$ cat my_file-v1.txt   # compact mmCIF, N, CA and C atoms
# COMPACT_ATOMS: atom_id res chain seq x y z
N MET A 242 78.70 43.86 106.65
CA MET A 242 78.45 45.17 107.18
C MET A 242 78.15 45.01 108.67
N ARG A 243 78.63 46.00 109.42
CA ARG A 243 78.37 46.03 110.86
C ARG A 243 77.89 47.43 111.23
N GLU A 244 76.75 47.49 111.86
CA GLU A 244 76.19 48.77 112.26
C GLU A 244 76.68 49.13 113.66
N ASP A 245 77.42 50.22 113.77
CA ASP A 245 77.83 50.77 115.06
C ASP A 245 76.90 51.93 115.40
N SER A 246 77.12 52.56 116.52
CA SER A 246 76.23 53.65 116.93
C SER A 246 76.32 54.87 116.03
N ASP A 247 77.49 55.09 115.40
CA ASP A 247 77.68 56.30 114.60
C ASP A 247 78.00 56.05 113.13
N ARG A 248 78.11 54.78 112.73
CA ARG A 248 78.45 54.49 111.34
C ARG A 248 78.22 53.01 111.04
N VAL A 249 78.34 52.70 109.76
CA VAL A 249 78.29 51.32 109.30
C VAL A 249 79.68 50.99 108.76
N LYS A 250 80.29 49.96 109.31
CA LYS A 250 81.60 49.51 108.84
C LYS A 250 81.38 48.36 107.86
N ILE A 251 82.17 48.37 106.79
CA ILE A 251 81.98 47.40 105.72
C ILE A 251 83.30 46.73 105.41
N SER A 252 83.28 45.41 105.28
CA SER A 252 84.46 44.64 104.89
C SER A 252 84.18 43.93 103.58
N PHE A 253 85.18 43.91 102.71
CA PHE A 253 85.05 43.24 101.42
C PHE A 253 86.18 42.24 101.25
N ARG A 254 85.86 41.11 100.65
CA ARG A 254 86.85 40.11 100.30
C ARG A 254 86.57 39.67 98.87
N SER A 255 87.62 39.33 98.14
CA SER A 255 87.44 38.83 96.78
C SER A 255 88.52 37.82 96.46
N GLN A 256 88.38 37.21 95.32
CA GLN A 256 89.38 36.27 94.84
C GLN A 256 89.77 36.67 93.43
N GLY A 257 90.97 36.29 93.03
CA GLY A 257 91.41 36.55 91.67
C GLY A 257 91.65 38.03 91.42
N ASP A 258 91.17 38.49 90.28
CA ASP A 258 91.47 39.86 89.84
C ASP A 258 90.32 40.83 90.07
N ARG A 259 89.59 40.64 91.12
CA ARG A 259 88.50 41.56 91.47
C ARG A 259 88.99 42.53 92.55
N PRO A 260 89.30 43.79 92.16
CA PRO A 260 89.92 44.75 93.09
C PRO A 260 88.91 45.41 94.03
N VAL A 261 88.65 44.79 95.15
CA VAL A 261 87.70 45.38 96.10
C VAL A 261 88.24 46.66 96.74
N ASN A 262 89.55 46.86 96.73
CA ASN A 262 90.09 48.10 97.32
C ASN A 262 89.66 49.33 96.52
N VAL A 263 89.59 49.22 95.21
CA VAL A 263 89.14 50.35 94.38
C VAL A 263 87.68 50.66 94.69
N TYR A 264 86.86 49.63 94.75
CA TYR A 264 85.45 49.81 95.08
C TYR A 264 85.28 50.43 96.47
N ALA A 265 85.98 49.89 97.45
CA ALA A 265 85.89 50.41 98.81
C ALA A 265 86.28 51.88 98.87
N HIS A 266 87.33 52.24 98.15
CA HIS A 266 87.81 53.62 98.14
C HIS A 266 86.81 54.56 97.46
N GLU A 267 86.35 54.19 96.29
CA GLU A 267 85.50 55.08 95.50
C GLU A 267 84.07 55.18 96.01
N VAL A 268 83.57 54.15 96.63
CA VAL A 268 82.16 54.17 97.06
C VAL A 268 82.01 54.39 98.56
N PHE A 269 82.93 53.84 99.36
CA PHE A 269 82.77 53.89 100.81
C PHE A 269 83.96 54.53 101.54
N ASN A 270 84.71 55.38 100.86
CA ASN A 270 85.81 56.14 101.47
C ASN A 270 86.78 55.25 102.24
N GLY A 271 87.06 54.09 101.72
CA GLY A 271 87.92 53.13 102.40
C GLY A 271 89.16 52.81 101.59
N GLY A 272 89.64 51.61 101.76
CA GLY A 272 90.81 51.16 101.05
C GLY A 272 91.26 49.82 101.57
N GLY A 273 92.44 49.44 101.19
CA GLY A 273 92.98 48.16 101.61
C GLY A 273 93.77 47.52 100.50
N HIS A 274 93.73 46.22 100.47
CA HIS A 274 94.45 45.45 99.46
C HIS A 274 93.49 45.03 98.36
N MET A 275 94.03 44.56 97.26
CA MET A 275 93.21 44.18 96.12
C MET A 275 92.10 43.19 96.50
N ASN A 276 92.42 42.21 97.32
CA ASN A 276 91.45 41.18 97.66
C ASN A 276 90.89 41.27 99.08
N ALA A 277 91.25 42.32 99.81
CA ALA A 277 90.72 42.52 101.16
C ALA A 277 90.72 44.02 101.45
N ALA A 278 89.54 44.56 101.64
CA ALA A 278 89.45 46.01 101.86
C ALA A 278 88.24 46.30 102.73
N GLY A 279 88.13 47.54 103.12
CA GLY A 279 87.00 47.95 103.94
C GLY A 279 86.69 49.42 103.75
N GLY A 280 85.56 49.82 104.28
CA GLY A 280 85.15 51.21 104.20
C GLY A 280 84.12 51.48 105.27
N GLU A 281 83.50 52.65 105.19
CA GLU A 281 82.50 53.01 106.17
C GLU A 281 81.48 53.95 105.57
N SER A 282 80.34 54.00 106.20
CA SER A 282 79.25 54.87 105.78
C SER A 282 78.67 55.51 107.03
N TYR A 283 78.32 56.78 106.92
CA TYR A 283 77.68 57.48 108.03
C TYR A 283 76.18 57.60 107.80
N ASN A 284 75.68 56.81 106.85
CA ASN A 284 74.24 56.72 106.62
C ASN A 284 73.69 55.57 107.46
N THR A 285 72.39 55.38 107.39
CA THR A 285 71.79 54.25 108.08
C THR A 285 72.21 52.95 107.41
N LEU A 286 72.01 51.85 108.09
CA LEU A 286 72.31 50.55 107.50
C LEU A 286 71.47 50.34 106.25
N GLU A 287 70.22 50.69 106.30
CA GLU A 287 69.32 50.51 105.14
C GLU A 287 69.83 51.30 103.93
N THR A 288 70.22 52.54 104.13
CA THR A 288 70.73 53.36 103.04
C THR A 288 72.06 52.82 102.52
N THR A 289 72.90 52.34 103.42
CA THR A 289 74.19 51.78 103.03
C THR A 289 74.00 50.54 102.17
N VAL A 290 73.06 49.68 102.56
CA VAL A 290 72.77 48.48 101.76
C VAL A 290 72.26 48.89 100.37
N LYS A 291 71.41 49.89 100.31
CA LYS A 291 70.90 50.35 99.02
C LYS A 291 72.03 50.90 98.15
N THR A 292 72.97 51.62 98.75
CA THR A 292 74.13 52.12 98.01
C THR A 292 74.94 50.96 97.46
N PHE A 293 75.17 49.95 98.29
CA PHE A 293 75.90 48.76 97.85
C PHE A 293 75.18 48.10 96.68
N GLU A 294 73.89 47.88 96.81
CA GLU A 294 73.13 47.22 95.76
C GLU A 294 73.14 48.02 94.46
N ALA A 295 73.13 49.34 94.57
CA ALA A 295 73.08 50.19 93.38
C ALA A 295 74.43 50.31 92.68
N THR A 296 75.53 50.09 93.39
CA THR A 296 76.85 50.32 92.81
C THR A 296 77.66 49.05 92.53
N PHE A 297 77.35 47.97 93.20
CA PHE A 297 78.15 46.74 93.10
C PHE A 297 78.25 46.24 91.66
N ARG A 298 77.14 46.21 90.96
CA ARG A 298 77.13 45.68 89.60
C ARG A 298 78.05 46.46 88.67
N ASP A 299 78.11 47.77 88.86
CA ASP A 299 78.98 48.60 88.00
C ASP A 299 80.44 48.23 88.13
N TYR A 300 80.85 47.75 89.27
CA TYR A 300 82.26 47.40 89.50
C TYR A 300 82.58 45.94 89.20
N PHE A 301 81.64 45.05 89.43
CA PHE A 301 81.98 43.63 89.41
C PHE A 301 81.21 42.76 88.43
N LEU A 302 80.17 43.26 87.84
CA LEU A 302 79.39 42.43 86.93
C LEU A 302 79.37 43.02 85.52
N LYS A 303 80.51 43.41 85.05
CA LYS A 303 80.63 43.99 83.71
C LYS A 303 80.81 42.92 82.68

$ encode --input "my_file-v1.txt" --output "structure tokens"
Amino acid sequence: MREDSDRVKISFRSQGDRPVNVYAHEVFNGGGHMNAAGGESYNTLETTVKTFEATFRDYFLK
């Protein structure tokens, strides 16, 4: 995650069959490729991290 003056930009990378593009699209209004994607948040960095922590498990730790 990178905090800019007006938003937080987020980059995701994965290996194998973990589709980070779906996660980026559904949670952070982003997109990309299956193993490389990104998104953004207009919340604070702290709130964005909390959103990540609250949603990551639902997508990747099933």

$ select_by_dssp --input "my_file-v1.txt" --residues "chain A" --states "strand (DSSP E or B)" --output "number ranges by chain"
A: 243-244, 249-254, 272-274, 277-282

$ select_by_dssp --input "my_file-v1.txt" --residues "chain A" --states "helix (DSSP H, G or I)" --output "list in words"
Val261, Asn262, Val263, Tyr264, Ala265, His266, Glu267, Val268, Phe269, Leu286, Glu287, Thr288, Thr289, Val290, Lys291, Thr292, Phe293, Glu294, Ala295, Thr296, Phe297, Arg298, Asp299, Tyr300 and Phe301 of chain A

$ atom_distance --input "my_file-v1.txt" --atom1 "atom C of Arg254 of chain A" --atom2 "atom N of Gly271 of chain A"
14.7 Å

$ residues_around --input "my_file-v1.txt" --residues "Phe297 of chain A" --least-positions-apart "2" --cutoff "12 Å" --atoms "only C-alpha atoms" --output "PyMOL selection string"
chain A and resi 253+259-261+263-265+267-269+289-295+299-303

$ atom_distance --input "my_file-v1.txt" --atom1 "atom N of Glu287 of chain A" --atom2 "atom N of Gly257 of chain A"
28.5 Å

$ decode --input "my_file-v1.txt" --residues "chain A" --atoms "C-alpha atoms" --output "short mmCIF file (atom, residue, chain, number, x, y, z; two decimals), in the first residue's frame"
data_model
loop_
_atom_site.label_atom_id
_atom_site.label_comp_id
_atom_site.auth_asym_id
_atom_site.auth_seq_id
_atom_site.Cartn_x
_atom_site.Cartn_y
_atom_site.Cartn_z
CA MET A 242 0.00 0.00 0.00
CA ARG A 243 1.14 3.52 -0.76
CA GLU A 244 -0.46 6.56 0.80
CA ASP A 245 -0.79 9.52 -1.58
CA SER A 246 -2.28 12.89 -0.69
CA ASP A 247 -5.78 11.94 -1.89
CA ARG A 248 -5.90 8.13 -1.78
CA VAL A 249 -4.20 4.88 -0.89
CA LYS A 250 -2.95 2.83 -3.84
CA ILE A 251 -2.73 -0.91 -3.35
CA SER A 252 -0.83 -3.55 -5.33
CA PHE A 253 -1.40 -7.29 -5.04
CA ARG A 254 0.68 -10.20 -6.25
CA SER A 255 -0.02 -13.91 -5.97
CA GLN A 256 1.16 -17.26 -7.21
CA GLY A 257 -0.74 -20.23 -8.55
CA ASP A 258 -4.52 -20.12 -8.57
CA ARG A 259 -5.10 -17.23 -6.18
CA PRO A 260 -7.04 -14.60 -8.22
CA VAL A 261 -6.01 -11.27 -6.74
CA ASN A 262 -7.77 -9.44 -9.58
CA VAL A 263 -11.19 -10.55 -8.28
CA TYR A 264 -10.29 -9.39 -4.78
CA ALA A 265 -8.92 -6.07 -6.03
CA HIS A 266 -12.06 -5.46 -8.09
CA GLU A 267 -14.61 -6.42 -5.44
CA VAL A 268 -12.97 -4.81 -2.42
CA PHE A 269 -10.83 -1.95 -3.76
CA ASN A 270 -12.49 -0.97 -7.08
CA GLY A 271 -9.47 -2.18 -9.03
CA GLY A 272 -8.52 -4.95 -11.37
CA GLY A 273 -5.70 -6.47 -13.29
CA HIS A 274 -4.49 -9.96 -14.01
CA MET A 275 -5.07 -13.11 -11.98
CA ASN A 276 -1.67 -12.92 -10.29
CA ALA A 277 -1.03 -9.16 -10.44
CA ALA A 278 -3.65 -6.54 -9.69
CA GLY A 279 -4.21 -3.27 -7.93
CA GLY A 280 -6.84 -1.00 -6.50
CA GLU A 281 -7.34 2.15 -4.51
CA SER A 282 -9.07 3.49 -1.46
CA TYR A 283 -10.14 7.03 -0.65
CA ASN A 284 -10.14 6.26 3.06
CA THR A 285 -7.22 6.81 5.40
CA LEU A 286 -4.34 4.36 5.38
CA GLU A 287 -5.45 3.05 8.78
CA THR A 288 -9.00 2.39 7.55
CA THR A 289 -7.72 0.80 4.34
CA VAL A 290 -5.50 -1.58 6.32
CA LYS A 291 -8.47 -2.51 8.52
CA THR A 292 -10.56 -3.20 5.41
CA PHE A 293 -7.79 -5.42 4.05
CA GLU A 294 -7.48 -7.31 7.33
CA ALA A 295 -11.24 -7.80 7.57
CA THR A 296 -11.72 -9.07 4.01
CA PHE A 297 -8.52 -10.91 3.04
CA ARG A 298 -9.36 -14.14 4.86
CA ASP A 299 -12.73 -14.43 3.10
CA TYR A 300 -11.00 -14.53 -0.28
CA PHE A 301 -7.79 -16.43 0.38
CA LEU A 302 -7.98 -18.51 3.54
CA LYS A 303 -10.99 -20.70 2.84
#
